[in-house]
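First comes the structure, then the notes that go with it.
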Amino acid sequence: MRRNTNLDSNIILCSAHFALGIISIWALKYVNIKASNSYVNFTITFVYSLFGVLCHTHPYAGKTLHTASAFLNLLVKLIGLVLYTFDVAILTKRYNSFLLLISCALTSLIIIINYFKCESMKLYLNNFFMVWNISIITSIAFRQNEPYWLIGMVALLILNHFILNAILKSIHTTSLHSHEVSVIGLCFFTIFALNSVNEICSS
């Protein structure tokens, strides 16, 4: 029974990574040329999606490869959000090097803590990192004439990081299920990131 569950999870994860790859290609094709950080973000996401497909279709993919995939998922989410925040700040001319430097420092710290598996600090830092970036994006959104996709991005980040995580913990899901939700969340993040930076560039 457990083997069937793992097989089903691998199929779902493979499909989710494949969908992420397609969305990343679409994003790379249509992103505005001014959004250079987003271009890097979507390229990293595409490379990660290829690794995810390989990881969950390879017949001899062991626990190490699956752990690496989950860790890369975290890296893509953290780096992707920082690159997105950079682009939004630069494109709207709300650039504040100090605020963005703190985002980079938080990203580095979270990566180090996850690498050394300091569970006690991980949750607090992850939450602070998300609140920090959400605050920057929200402050920029309310200064825009048409902030629809930016506000949508804020809502998506809150849903993905706080609401869905709380639901997953309350129903005691496995790490595989959390990974599935995380990859699907990345698909939506990529869509909202593309549309919001293009919205800023066209305004």
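Every chain in the structure tokens has a letter given in the order shown (A, B, ...), and although residue numbers restart at 1 in each chain, ligands are simply numbered from 1 in the order shown.
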- Task: Can you pull out every residue within 10 Å of range 71-76 of chain A, counting only C-alpha atoms, but drop anything in the same chain fewer than 6 positions away, and send it as a list in words?
- Result: Asn41, Phe42, Ile44, Thr45, Phe46, Val47, Tyr48, Ser49, Phe51, Gly52, Leu65, Val82, Thr107, Ser108, Ile110, Ile111, Asn114, Tyr115, His179, Ser182, Val183 and Leu186 of chain A
Please produce a file of those selected residues containing N, CA, C and O atoms, as a PDB file, in the first residue's frame.
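So selection16.pdb came out as:
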ATOM      1  N   ASN A  41      15.086  34.322 -13.202  1.00  0.00           N
ATOM      2  CA  ASN A  41      14.193  33.553 -12.335  1.00  0.00           C
ATOM      3  C   ASN A  41      13.528  32.419 -13.107  1.00  0.00           C
ATOM      4  O   ASN A  41      13.525  31.267 -12.662  1.00  0.00           O
ATOM      5  N   PHE A  42      12.959  32.731 -14.267  1.00  0.00           N
ATOM      6  CA  PHE A  42      12.248  31.720 -15.054  1.00  0.00           C
ATOM      7  C   PHE A  42      13.205  30.676 -15.624  1.00  0.00           C
ATOM      8  O   PHE A  42      12.825  29.512 -15.781  1.00  0.00           O
ATOM      9  N   ILE A  44      16.017  29.642 -14.087  1.00  0.00           N
ATOM     10  CA  ILE A  44      16.316  28.770 -12.939  1.00  0.00           C
ATOM     11  C   ILE A  44      15.149  27.812 -12.685  1.00  0.00           C
ATOM     12  O   ILE A  44      15.349  26.614 -12.435  1.00  0.00           O
ATOM     13  N   THR A  45      13.940  28.332 -12.762  1.00  0.00           N
ATOM     14  CA  THR A  45      12.746  27.508 -12.542  1.00  0.00           C
ATOM     15  C   THR A  45      12.645  26.407 -13.588  1.00  0.00           C
ATOM     16  O   THR A  45      12.301  25.258 -13.274  1.00  0.00           O
ATOM     17  N   PHE A  46      12.957  26.745 -14.842  1.00  0.00           N
ATOM     18  CA  PHE A  46      12.908  25.748 -15.919  1.00  0.00           C
ATOM     19  C   PHE A  46      13.930  24.637 -15.689  1.00  0.00           C
ATOM     20  O   PHE A  46      13.606  23.446 -15.828  1.00  0.00           O
ATOM     21  N   VAL A  47      15.152  25.007 -15.315  1.00  0.00           N
ATOM     22  CA  VAL A  47      16.202  24.010 -15.044  1.00  0.00           C
ATOM     23  C   VAL A  47      15.779  23.105 -13.886  1.00  0.00           C
ATOM     24  O   VAL A  47      15.947  21.879 -13.938  1.00  0.00           O
ATOM     25  N   TYR A  48      15.195  23.716 -12.843  1.00  0.00           N
ATOM     26  CA  TYR A  48      14.713  22.933 -11.700  1.00  0.00           C
ATOM     27  C   TYR A  48      13.613  21.955 -12.124  1.00  0.00           C
ATOM     28  O   TYR A  48      13.581  20.804 -11.671  1.00  0.00           O
ATOM     29  N   SER A  49      12.710  22.404 -13.004  1.00  0.00           N
ATOM     30  CA  SER A  49      11.604  21.531 -13.450  1.00  0.00           C
ATOM     31  C   SER A  49      12.145  20.310 -14.195  1.00  0.00           C
ATOM     32  O   SER A  49      11.621  19.198 -14.031  1.00  0.00           O
ATOM     33  N   PHE A  51      15.089  18.913 -13.685  1.00  0.00           N
ATOM     34  CA  PHE A  51      15.667  18.050 -12.649  1.00  0.00           C
ATOM     35  C   PHE A  51      14.558  17.275 -11.931  1.00  0.00           C
ATOM     36  O   PHE A  51      14.705  16.083 -11.642  1.00  0.00           O
ATOM     37  N   GLY A  52      13.433  17.954 -11.649  1.00  0.00           N
ATOM     38  CA  GLY A  52      12.312  17.310 -10.966  1.00  0.00           C
ATOM     39  C   GLY A  52      11.704  16.182 -11.786  1.00  0.00           C
ATOM     40  O   GLY A  52      11.384  15.112 -11.251  1.00  0.00           O
ATOM     41  N   LEU A  65      18.426  11.621  -4.018  1.00  0.00           N
ATOM     42  CA  LEU A  65      17.985  12.429  -5.150  1.00  0.00           C
ATOM     43  C   LEU A  65      16.668  13.142  -4.837  1.00  0.00           C
ATOM     44  O   LEU A  65      16.483  14.302  -5.188  1.00  0.00           O
ATOM     45  N   VAL A  82      13.095  36.553  -4.299  1.00  0.00           N
ATOM     46  CA  VAL A  82      14.012  37.699  -4.198  1.00  0.00           C
ATOM     47  C   VAL A  82      14.205  38.359  -5.560  1.00  0.00           C
ATOM     48  O   VAL A  82      14.147  39.589  -5.680  1.00  0.00           O
ATOM     49  N   THR A 107      17.691  35.270   2.695  1.00  0.00           N
ATOM     50  CA  THR A 107      17.737  34.100   1.805  1.00  0.00           C
ATOM     51  C   THR A 107      18.947  33.235   2.118  1.00  0.00           C
ATOM     52  O   THR A 107      18.826  32.017   2.273  1.00  0.00           O
ATOM     53  N   SER A 108      20.107  33.860   2.234  1.00  0.00           N
ATOM     54  CA  SER A 108      21.347  33.125   2.538  1.00  0.00           C
ATOM     55  C   SER A 108      21.252  32.415   3.888  1.00  0.00           C
ATOM     56  O   SER A 108      21.647  31.250   4.020  1.00  0.00           O
ATOM     57  N   ILE A 110      18.508  31.445   5.510  1.00  0.00           N
ATOM     58  CA  ILE A 110      17.548  30.334   5.459  1.00  0.00           C
ATOM     59  C   ILE A 110      18.171  29.122   4.783  1.00  0.00           C
ATOM     60  O   ILE A 110      17.988  27.986   5.225  1.00  0.00           O
ATOM     61  N   ILE A 111      18.914  29.350   3.707  1.00  0.00           N
ATOM     62  CA  ILE A 111      19.579  28.250   2.995  1.00  0.00           C
ATOM     63  C   ILE A 111      20.567  27.545   3.914  1.00  0.00           C
ATOM     64  O   ILE A 111      20.616  26.310   3.976  1.00  0.00           O
ATOM     65  N   ASN A 114      18.644  25.552   6.593  1.00  0.00           N
ATOM     66  CA  ASN A 114      18.052  24.335   6.033  1.00  0.00           C
ATOM     67  C   ASN A 114      19.125  23.286   5.738  1.00  0.00           C
ATOM     68  O   ASN A 114      18.892  22.089   5.918  1.00  0.00           O
ATOM     69  N   TYR A 115      20.286  23.743   5.292  1.00  0.00           N
ATOM     70  CA  TYR A 115      21.370  22.807   4.988  1.00  0.00           C
ATOM     71  C   TYR A 115      21.830  22.086   6.251  1.00  0.00           C
ATOM     72  O   TYR A 115      22.080  20.882   6.236  1.00  0.00           O
ATOM     73  N   HIS A 179       5.604  18.485  -0.851  1.00  0.00           N
ATOM     74  CA  HIS A 179       6.395  18.781  -2.046  1.00  0.00           C
ATOM     75  C   HIS A 179       5.480  18.984  -3.260  1.00  0.00           C
ATOM     76  O   HIS A 179       5.698  19.878  -4.076  1.00  0.00           O
ATOM     77  N   SER A 182       3.939  22.335  -3.028  1.00  0.00           N
ATOM     78  CA  SER A 182       4.965  23.355  -3.248  1.00  0.00           C
ATOM     79  C   SER A 182       5.243  23.562  -4.739  1.00  0.00           C
ATOM     80  O   SER A 182       5.378  24.693  -5.213  1.00  0.00           O
ATOM     81  N   VAL A 183       5.328  22.468  -5.499  1.00  0.00           N
ATOM     82  CA  VAL A 183       5.596  22.561  -6.935  1.00  0.00           C
ATOM     83  C   VAL A 183       4.413  23.198  -7.661  1.00  0.00           C
ATOM     84  O   VAL A 183       4.589  24.049  -8.545  1.00  0.00           O
ATOM     85  N   LEU A 186       4.569  26.783  -7.141  1.00  0.00           N
ATOM     86  CA  LEU A 186       5.562  27.409  -8.019  1.00  0.00           C
ATOM     87  C   LEU A 186       4.994  27.680  -9.408  1.00  0.00           C
ATOM     88  O   LEU A 186       5.340  28.680 -10.048  1.00  0.00           O
TER      89      LEU A 186
END
Do a neighbour search on Lys34 in chain A at 8 Å with only C-alpha atoms, toss out local chain neighbours closer than 2 positions, and write the hits as a PDB file with N, CA, C and O atoms, in the first residue's frame.
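Final file, selection_30.pdb:
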ATOM      1  N   ASN A  32       8.696  40.566 -20.493  1.00  0.00           N
ATOM      2  CA  ASN A  32       9.208  41.814 -21.061  1.00  0.00           C
ATOM      3  C   ASN A  32      10.727  41.855 -20.932  1.00  0.00           C
ATOM      4  O   ASN A  32      11.283  41.465 -19.906  1.00  0.00           O
ATOM      5  N   SER A  36      14.872  41.820 -16.474  1.00  0.00           N
ATOM      6  CA  SER A  36      16.029  40.928 -16.586  1.00  0.00           C
ATOM      7  C   SER A  36      16.114  39.922 -15.439  1.00  0.00           C
ATOM      8  O   SER A  36      16.481  38.763 -15.642  1.00  0.00           O
ATOM      9  N   LEU A  91      11.675  48.082 -11.586  1.00  0.00           N
ATOM     10  CA  LEU A  91      10.790  48.507 -12.674  1.00  0.00           C
ATOM     11  C   LEU A  91       9.847  49.632 -12.261  1.00  0.00           C
ATOM     12  O   LEU A  91       9.450  50.456 -13.083  1.00  0.00           O
ATOM     13  N   CYS A 201       5.603  46.884 -16.684  1.00  0.00           N
ATOM     14  CA  CYS A 201       6.327  47.382 -17.866  1.00  0.00           C
ATOM     15  C   CYS A 201       5.417  48.096 -18.853  1.00  0.00           C
ATOM     16  O   CYS A 201       5.837  49.026 -19.529  1.00  0.00           O
TER      17      CYS A 201
END
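Of the listed residues (A:Ser103, A:Ser38, A:Thr85, A:Asn145), A:Ser103 comes nearest to Asn126 in chain A; the distances count only C-alpha atoms.
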- Task: Do a neighbour search on Thr190 in chain A at 12 Å with only C-alpha atoms, toss out local chain neighbours closer than 6 positions, and write the hits as a PyMOL selection string.
- Result: chain A and resi 19-28+30-31+38-39+41-46+76-77+80-81+83-84+149+153+156-157+183-184+196-197
- Item | Members of range 10-167 of chain A assigned alpha helix (DSSP H) by DSSP, as a ChimeraX atom specification | /A:10-30,36-57,63-91,97-115,119-141,148-158,164-167
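Across the structure, CA of Ile151 in chain A and CA of Leu109 in chain A are spaced 27.3 Å apart.
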- Message: So, with only C-alpha atoms as the atoms that count, which of A:Ile33, A:Cys55, A:Leu150, A:Met130 lies closest to Phe162 in chain A?
- Response: A:Met130
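Proximity ranking of A:Ile11, A:Leu123, A:Ala89, A:Ile102 relative to Ala166 in chain A places A:Leu123 first, based on only C-alpha atoms.
Interatomic distance, CA of Ile12 in chain A against CA of Glu180 in chain A: 7.0 Å.
As for CA of Leu54 in chain A and CA of Leu13 in chain A, they are spaced 10.7 Å apart.
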